[in-house]
$ cat data.pdb   # PDB, C-alpha atoms
ATOM      1  CA  MET D   1      20.345 157.678 183.177
ATOM      2  CA  ILE D   2      22.211 159.394 185.997
ATOM      3  CA  ALA D   3      24.899 156.713 185.812
ATOM      4  CA  ASN D   4      25.430 157.485 182.124
ATOM      5  CA  HIS D   5      25.845 161.203 182.871
ATOM      6  CA  VAL D   6      28.333 160.422 185.645
ATOM      7  CA  HIS D   7      30.258 158.108 183.308
ATOM      8  CA  ASP D   8      30.378 160.793 180.596
ATOM      9  CA  ALA D   9      31.515 163.422 183.089
ATOM     10  CA  LEU D  10      34.308 161.181 184.380
ATOM     11  CA  ALA D  11      35.412 160.462 180.821
ATOM     12  CA  GLN D  12      35.557 164.190 180.083
ATOM     13  CA  VAL D  13      37.564 164.801 183.253
ATOM     14  CA  ARG D  14      40.058 162.080 182.279
ATOM     15  CA  THR D  15      40.322 163.527 178.771
ATOM     16  CA  LEU D  16      40.927 167.017 180.149
ATOM     17  CA  GLN D  17      43.502 165.661 182.591
ATOM     18  CA  ALA D  18      45.343 163.872 179.772
ATOM     19  CA  PHE D  19      45.252 167.072 177.702
ATOM     20  CA  LEU D  20      46.726 169.147 180.557
ATOM     21  CA  ILE D  21      49.460 166.576 181.158
ATOM     22  CA  GLU D  22      50.266 166.598 177.450
ATOM     23  CA  ARG D  23      50.464 170.390 177.393
ATOM     24  CA  ASN D  24      52.880 170.331 180.348
ATOM     25  CA  MET D  25      55.236 167.803 178.762
ATOM     26  CA  PHE D  26      58.584 169.227 177.690
ATOM     27  CA  LYS D  27      59.131 168.814 173.948
ATOM     28  CA  GLY D  28      62.601 170.302 173.643
ATOM     29  CA  TYR D  29      64.678 167.135 173.835
ATOM     30  CA  SER D  30      65.356 165.083 170.737
ATOM     31  CA  GLY D  31      65.070 161.311 170.794
ATOM     32  CA  THR D  32      67.302 161.108 167.733
ATOM     33  CA  ALA D  33      70.024 163.122 169.491
ATOM     34  CA  ARG D  34      69.883 160.743 172.459
ATOM     35  CA  ILE D  35      70.208 157.714 170.202
ATOM     36  CA  LEU D  36      73.194 159.312 168.460
ATOM     37  CA  SER D  37      74.780 160.041 171.847
ATOM     38  CA  GLY D  38      74.355 156.431 172.928
ATOM     39  CA  THR D  39      75.849 155.225 169.679
ATOM     40  CA  ALA D  40      78.795 157.581 170.232
ATOM     41  CA  ALA D  41      79.320 156.087 173.706
ATOM     42  CA  LEU D  42      79.440 152.567 172.305
ATOM     43  CA  GLY D  43      81.684 153.686 169.450
ATOM     44  CA  GLY D  44      83.954 155.500 171.874
ATOM     45  CA  ALA D  45      84.264 152.365 173.977
ATOM     46  CA  ALA D  46      85.193 150.379 170.879
ATOM     47  CA  VAL D  47      87.877 152.891 169.897
ATOM     48  CA  LEU D  48      89.310 152.946 173.412
ATOM     49  CA  ALA D  49      89.331 149.160 173.649
ATOM     50  CA  LEU D  50      90.339 148.193 170.119
ATOM     51  CA  GLY D  51      91.772 151.294 168.492
ATOM     52  CA  PRO D  52      95.223 152.855 168.590
ATOM     53  CA  VAL D  53      94.560 154.543 171.946
ATOM     54  CA  PRO D  54      97.173 153.968 174.659
ATOM     55  CA  ALA D  55      95.842 152.224 177.739
ATOM     56  CA  THR D  56      96.562 155.153 180.025
ATOM     57  CA  PRO D  57      94.206 157.079 182.319
ATOM     58  CA  VAL D  58      94.884 160.361 180.525
ATOM     59  CA  ALA D  59      94.107 158.919 177.097
ATOM     60  CA  HIS D  60      90.873 157.329 178.319
ATOM     61  CA  LEU D  61      89.799 160.483 180.117
ATOM     62  CA  LEU D  62      90.306 162.423 176.897
ATOM     63  CA  GLY D  63      88.369 159.776 175.000
ATOM     64  CA  TRP D  64      85.365 160.004 177.320
ATOM     65  CA  PHE D  65      85.591 163.788 177.234
ATOM     66  CA  CYS D  66      85.230 163.603 173.447
ATOM     67  CA  VAL D  67      82.182 161.342 173.811
ATOM     68  CA  LEU D  68      80.670 163.753 176.351
ATOM     69  CA  SER D  69      81.354 166.726 174.073
ATOM     70  CA  PHE D  70      79.628 165.009 171.156
ATOM     71  CA  GLY D  71      76.600 164.193 173.307
ATOM     72  CA  LEU D  72      76.318 167.734 174.634
ATOM     73  CA  VAL D  73      76.594 169.269 171.163
ATOM     74  CA  ALA D  74      74.052 166.847 169.638
ATOM     75  CA  ASN D  75      71.472 167.313 172.392
ATOM     76  CA  TYR D  76      71.795 171.039 172.905
ATOM     77  CA  VAL D  77      71.905 171.871 169.204
ATOM     78  CA  ALA D  78      68.644 169.918 168.920
ATOM     79  CA  LEU D  79      67.259 171.832 171.911
ATOM     80  CA  ALA D  80      68.277 175.179 170.377
ATOM     81  CA  TRP D  81      66.692 174.194 167.050
ATOM     82  CA  TRP D  82      63.426 173.355 168.821
ATOM     83  CA  PHE D  83      63.482 176.640 170.750
ATOM     84  CA  LEU D  84      64.163 178.762 167.693
ATOM     85  CA  PHE D  85      62.063 177.065 165.031
ATOM     86  CA  ASP D  86      59.308 174.988 166.656
ATOM     87  CA  SER D  87      56.007 176.822 166.949
ATOM     88  CA  SER D  88      55.251 175.193 170.315
ATOM     89  CA  ALA D  89      58.259 176.914 171.908
ATOM     90  CA  HIS D  90      57.244 180.447 170.818
ATOM     91  CA  ARG D  91      60.869 181.454 171.467
ATOM     92  CA  ASN D  92      59.766 181.977 175.050
ATOM     93  CA  PRO D  93      62.611 181.417 177.551
ATOM     94  CA  VAL D  94      60.069 180.103 180.062
ATOM     95  CA  MET D  95      59.628 177.058 177.804
ATOM     96  CA  LEU D  96      63.238 176.096 178.565
ATOM     97  CA  LYS D  97      62.655 175.965 182.317
ATOM     98  CA  PRO D  98      62.259 172.138 182.472
ATOM     99  CA  ALA D  99      65.752 171.808 180.969
ATOM    100  CA  LEU D 100      67.096 173.203 184.246
ATOM    101  CA  ASP D 101      65.750 170.260 186.255
ATOM    102  CA  ALA D 102      68.856 168.165 185.546
ATOM    103  CA  VAL D 103      71.402 170.898 186.273
ATOM    104  CA  PRO D 104      71.956 170.080 189.997
ATOM    105  CA  ALA D 105      72.699 166.393 189.332
ATOM    106  CA  LEU D 106      74.951 167.212 186.380
ATOM    107  CA  ALA D 107      76.795 169.897 188.351
ATOM    108  CA  VAL D 108      77.414 167.451 191.198
ATOM    109  CA  GLY D 109      78.610 164.978 188.574
ATOM    110  CA  ALA D 110      81.240 167.455 187.422
ATOM    111  CA  VAL D 111      82.404 168.047 191.025
ATOM    112  CA  VAL D 112      82.539 164.319 191.818
ATOM    113  CA  THR D 113      84.459 163.659 188.604
ATOM    114  CA  MET D 114      87.070 166.268 189.473
ATOM    115  CA  ALA D 115      87.380 164.952 193.045
ATOM    116  CA  LEU D 116      87.866 161.351 191.904
ATOM    117  CA  ILE D 117      90.441 162.364 189.295
ATOM    118  CA  LEU D 118      92.405 164.429 191.816
ATOM    119  CA  ARG D 119      92.405 161.501 194.243
ATOM    120  CA  ALA D 120      93.302 158.971 191.521
ATOM    121  CA  GLN D 121      90.097 156.985 192.134
ATOM    122  CA  LEU D 122      89.293 156.541 188.461
ATOM    123  CA  ASP D 123      87.722 153.111 188.889
ATOM    124  CA  LEU D 124      84.781 154.809 190.626
ATOM    125  CA  LEU D 125      84.073 157.146 187.717
ATOM    126  CA  PHE D 126      81.792 154.877 185.674
ATOM    127  CA  GLY D 127      79.493 154.094 188.571
ATOM    128  CA  SER D 128      79.388 157.728 189.666
ATOM    129  CA  TRP D 129      78.597 158.936 186.148
ATOM    130  CA  MET D 130      75.811 156.396 185.757
ATOM    131  CA  CYS D 131      74.211 157.202 189.120
ATOM    132  CA  LEU D 132      74.302 160.969 188.692
ATOM    133  CA  TYR D 133      73.146 160.874 185.074
ATOM    134  CA  GLY D 134      70.336 158.586 186.181
ATOM    135  CA  LEU D 135      69.313 161.099 188.855
ATOM    136  CA  ALA D 136      69.256 163.785 186.160
ATOM    137  CA  GLN D 137      66.773 161.657 184.181
ATOM    138  CA  ILE D 138      64.636 161.017 187.271
ATOM    139  CA  ALA D 139      64.443 164.781 187.811
ATOM    140  CA  TYR D 140      62.356 164.981 184.617
ATOM    141  CA  ARG D 141      59.602 162.742 186.030
ATOM    142  CA  HIS D 142      57.005 165.545 185.779
ATOM    143  CA  SER D 143      58.048 166.981 182.420
ATOM    144  CA  LEU D 144      59.055 163.979 180.275
ATOM    145  CA  PRO D 145      57.345 160.624 179.557
ATOM    146  CA  ALA D 146      57.459 157.932 182.232
ATOM    147  CA  GLY D 147      59.858 155.893 180.110
ATOM    148  CA  VAL D 148      62.572 158.485 180.717
ATOM    149  CA  TYR D 149      62.073 158.076 184.480
ATOM    150  CA  ARG D 150      62.504 154.311 184.118
ATOM    151  CA  THR D 151      65.643 154.909 182.060
ATOM    152  CA  GLY D 152      66.967 156.988 184.952
ATOM    153  CA  LEU D 153      66.328 154.108 187.345
ATOM    154  CA  PHE D 154      68.226 151.823 184.971
ATOM    155  CA  TYR D 155      71.250 154.135 185.114
ATOM    156  CA  VAL D 156      71.103 154.368 188.919
ATOM    157  CA  LEU D 157      70.916 150.582 189.305
ATOM    158  CA  CYS D 158      73.815 150.048 186.907
ATOM    159  CA  GLY D 159      75.841 152.760 188.599
ATOM    160  CA  THR D 160      75.230 151.249 192.023
ATOM    161  CA  TRP D 161      76.411 147.882 190.744
ATOM    162  CA  PHE D 162      79.611 149.311 189.276
ATOM    163  CA  LEU D 163      80.338 151.295 192.431
ATOM    164  CA  LEU D 164      80.011 148.233 194.655
ATOM    165  CA  ALA D 165      81.163 145.391 192.390
ATOM    166  CA  PRO D 166      84.810 144.317 192.697
ATOM    167  CA  GLY D 167      87.153 144.369 189.748
ATOM    168  CA  VAL D 168      85.717 147.400 187.912
ATOM    169  CA  ARG D 169      88.507 149.066 185.945
ATOM    170  CA  PHE D 170      88.420 152.491 184.335
ATOM    171  CA  LEU D 171      90.667 151.236 181.528
ATOM    172  CA  ASP D 172      87.994 148.699 180.514
ATOM    173  CA  PRO D 173      85.621 150.966 178.564
ATOM    174  CA  TRP D 174      82.994 148.385 177.601
ATOM    175  CA  PRO D 175      80.751 148.636 180.711
ATOM    176  CA  MET D 176      80.437 152.387 180.261
ATOM    177  CA  GLY D 177      79.850 152.150 176.537
ATOM    178  CA  VAL D 178      77.267 149.361 176.727
ATOM    179  CA  VAL D 179      75.268 150.876 179.601
ATOM    180  CA  PHE D 180      75.070 154.302 177.996
ATOM    181  CA  PHE D 181      74.253 152.826 174.601
ATOM    182  CA  VAL D 182      71.359 150.808 176.036
ATOM    183  CA  GLY D 183      70.143 153.688 178.220
ATOM    184  CA  GLU D 184      70.296 156.363 175.531
ATOM    185  CA  LEU D 185      68.772 154.045 172.945
ATOM    186  CA  ALA D 186      65.859 153.309 175.291
ATOM    187  CA  GLY D 187      65.432 156.946 176.299
ATOM    188  CA  GLY D 188      65.667 158.095 172.685
ATOM    189  CA  ILE D 189      63.026 155.609 171.528
ATOM    190  CA  VAL D 190      60.702 156.805 174.305
ATOM    191  CA  LEU D 191      61.059 160.419 173.138
ATOM    192  CA  VAL D 192      60.688 159.577 169.432
ATOM    193  CA  ARG D 193      57.490 157.609 170.069
ATOM    194  CA  ASP D 194      56.108 160.296 172.353
ATOM    195  CA  HIS D 195      56.718 163.033 169.791
ATOM    196  CA  ARG D 196      54.951 160.945 167.145
ATOM    197  CA  ARG D 197      51.925 160.291 169.368
ATOM    198  CA  ALA D 198      51.597 163.858 170.661
ATOM    199  CA  PRO D 199      49.642 165.338 167.692
ATOM    200  CA  ARG D 200      47.142 162.464 167.828
ATOM    201  CA  ARG D 201      46.639 162.901 171.576
ATOM    202  CA  GLU D 202      46.056 166.630 171.162
ATOM    203  CA  LEU D 203      43.443 166.023 168.469
ATOM    204  CA  GLU D 204      41.677 163.458 170.629
ATOM    205  CA  ALA D 205      41.696 165.812 173.607
ATOM    206  CA  ALA D 206      40.409 168.739 171.510
ATOM    207  CA  ALA D 207      37.576 166.557 170.170
TER     208      ALA D 207
END

$ encode --input "data.pdb" --output "structure tokens"
Amino acid sequence: MIANHVHDALAQVRTLQAFLIERNMFKGYSGTARILSGTAALGGAAVLALGPVPATPVAHLLGWFCVLSFGLVANYVALAWWFLFDSSAHRNPVMLKPALDAVPALAVGAVVTMALILRAQLDLLFGSWMCLYGLAQIAYRHSLPAGVYRTGLFYVLCGTWFLLAPGVRFLDPWPMGVVFFVGELAGGIVLVRDHRRAPRRELEAAA
């Protein structure tokens, strides 16, 4: 009898814990936007490799800047839409606080990019971008699903490989395009599935 009460109490504690974790999860990022960004990275690599783009550092830098711009617009337009029109955001600026978790890694990424360009070390850019973007994903370990954390580890491992492996060339865009396509596809699927499961989890917790 006592064992049954203890079992029920533990089950209620686990349910409450799951409910609190769910309430603390950040819902502002769009899985669809991440998938589109990954697709843009792969498409950008294809254009740089096969299209009428000159094989020069300046042209490839501009190409990756266009890919980055598309990704930023897609993700932050989706974030703004969530903030303005989703009832869970309440248009409360505090709800955007988790989005700041990645800012340090991304800011360092911008500094490292500028330093490598100024020193003509462009072959180190892909690995640096992957590592620092991966660290930005890892920074969300408390506010996004665990799958996003694992995606961050994937980026860090790939970035480490491309920083240390011989023969990596900035003018070969395929490694960058493939890694970011796979990573953003995986991260986007994690977010899409999580958003679909969230209402069911909230109902179960409320019951």

$ atom_distance --input "data.pdb" --atom1 "CA of Tyr76 in chain D" --atom2 "CA of Ile138 in chain D"
18.9 Å

$ closest_residue --input "data.pdb" --among "D:Leu125, D:Ala74, D:Val178, D:Val103" --to "Gln137 in chain D" --atoms "only C-alpha atoms"
D:Val103

$ resolve_selection --input "data.pdb" --expression "the PyMOL selection byres ((chain D and resi 88) around 12)" --output "PDB file with C-alpha atoms, in the frame of the given file"
ATOM      1  CA  ARG D  23      50.464 170.390 177.393  1.00  0.00           C
ATOM      2  CA  ASN D  24      52.880 170.331 180.348  1.00  0.00           C
ATOM      3  CA  MET D  25      55.236 167.803 178.762  1.00  0.00           C
ATOM      4  CA  PHE D  26      58.584 169.227 177.690  1.00  0.00           C
ATOM      5  CA  LYS D  27      59.131 168.814 173.948  1.00  0.00           C
ATOM      6  CA  GLY D  28      62.601 170.302 173.643  1.00  0.00           C
ATOM      7  CA  TRP D  81      66.692 174.194 167.050  1.00  0.00           C
ATOM      8  CA  TRP D  82      63.426 173.355 168.821  1.00  0.00           C
ATOM      9  CA  PHE D  83      63.482 176.640 170.750  1.00  0.00           C
ATOM     10  CA  LEU D  84      64.163 178.762 167.693  1.00  0.00           C
ATOM     11  CA  PHE D  85      62.063 177.065 165.031  1.00  0.00           C
ATOM     12  CA  ASP D  86      59.308 174.988 166.656  1.00  0.00           C
ATOM     13  CA  SER D  87      56.007 176.822 166.949  1.00  0.00           C
ATOM     14  CA  ALA D  89      58.259 176.914 171.908  1.00  0.00           C
ATOM     15  CA  HIS D  90      57.244 180.447 170.818  1.00  0.00           C
ATOM     16  CA  ARG D  91      60.869 181.454 171.467  1.00  0.00           C
ATOM     17  CA  ASN D  92      59.766 181.977 175.050  1.00  0.00           C
ATOM     18  CA  VAL D  94      60.069 180.103 180.062  1.00  0.00           C
ATOM     19  CA  MET D  95      59.628 177.058 177.804  1.00  0.00           C
ATOM     20  CA  LEU D  96      63.238 176.096 178.565  1.00  0.00           C
ATOM     21  CA  ALA D 198      51.597 163.858 170.661  1.00  0.00           C
ATOM     22  CA  PRO D 199      49.642 165.338 167.692  1.00  0.00           C
TER      23      PRO D 199
END

$ resolve_selection --input "data.pdb" --expression "the PyMOL selection byres ((chain D and resi 189-193) around 12)" --output "NGL selection string"
:D and (25-36 or 38 or 143-151 or 181-188 or 194-200)

$ write_last_selection --input "data.pdb" --atoms "C-alpha atoms" --output "mmCIF file, in the frame of the given file"
data_model
loop_
_atom_site.group_PDB
_atom_site.id
_atom_site.type_symbol
_atom_site.label_atom_id
_atom_site.label_comp_id
_atom_site.auth_asym_id
_atom_site.auth_seq_id
_atom_site.Cartn_x
_atom_site.Cartn_y
_atom_site.Cartn_z
ATOM 1 C CA MET D 25 55.236 167.803 178.762
ATOM 2 C CA PHE D 26 58.584 169.227 177.690
ATOM 3 C CA LYS D 27 59.131 168.814 173.948
ATOM 4 C CA GLY D 28 62.601 170.302 173.643
ATOM 5 C CA TYR D 29 64.678 167.135 173.835
ATOM 6 C CA SER D 30 65.356 165.083 170.737
ATOM 7 C CA GLY D 31 65.070 161.311 170.794
ATOM 8 C CA THR D 32 67.302 161.108 167.733
ATOM 9 C CA ALA D 33 70.024 163.122 169.491
ATOM 10 C CA ARG D 34 69.883 160.743 172.459
ATOM 11 C CA ILE D 35 70.208 157.714 170.202
ATOM 12 C CA LEU D 36 73.194 159.312 168.460
ATOM 13 C CA GLY D 38 74.355 156.431 172.928
ATOM 14 C CA SER D 143 58.048 166.981 182.420
ATOM 15 C CA LEU D 144 59.055 163.979 180.275
ATOM 16 C CA PRO D 145 57.345 160.624 179.557
ATOM 17 C CA ALA D 146 57.459 157.932 182.232
ATOM 18 C CA GLY D 147 59.858 155.893 180.110
ATOM 19 C CA VAL D 148 62.572 158.485 180.717
ATOM 20 C CA TYR D 149 62.073 158.076 184.480
ATOM 21 C CA ARG D 150 62.504 154.311 184.118
ATOM 22 C CA THR D 151 65.643 154.909 182.060
ATOM 23 C CA PHE D 181 74.253 152.826 174.601
ATOM 24 C CA VAL D 182 71.359 150.808 176.036
ATOM 25 C CA GLY D 183 70.143 153.688 178.220
ATOM 26 C CA GLU D 184 70.296 156.363 175.531
ATOM 27 C CA LEU D 185 68.772 154.045 172.945
ATOM 28 C CA ALA D 186 65.859 153.309 175.291
ATOM 29 C CA GLY D 187 65.432 156.946 176.299
ATOM 30 C CA GLY D 188 65.667 158.095 172.685
ATOM 31 C CA ASP D 194 56.108 160.296 172.353
ATOM 32 C CA HIS D 195 56.718 163.033 169.791
ATOM 33 C CA ARG D 196 54.951 160.945 167.145
ATOM 34 C CA ARG D 197 51.925 160.291 169.368
ATOM 35 C CA ALA D 198 51.597 163.858 170.661
ATOM 36 C CA PRO D 199 49.642 165.338 167.692
ATOM 37 C CA ARG D 200 47.142 162.464 167.828
#

$ residues_around --input "data.pdb" --residues "Leu62 in chain D" --least-positions-apart "6" --cutoff "12 Å" --atoms "only C-alpha atoms" --output "PyMOL selection string"
chain D and resi 44+48+53-56+68-69

$ closest_residue --input "data.pdb" --among "D:Leu132, D:Ala49, D:Ala102, D:Cys158" --to "Asp172 in chain D" --atoms "only C-alpha atoms"
D:Ala49

$ atom_distance --input "data.pdb" --atom1 "CA of Leu157 in chain D" --atom2 "CA of Leu79 in chain D"
27.7 Å

$ residues_around --input "data.pdb" --residues "Phe70 in chain D" --least-positions-apart "3" --cutoff "10 Å" --atoms "all atoms listed in the file" --output "number ranges by chain"
D: 33, 36-37, 40-41, 64-67, 73-75
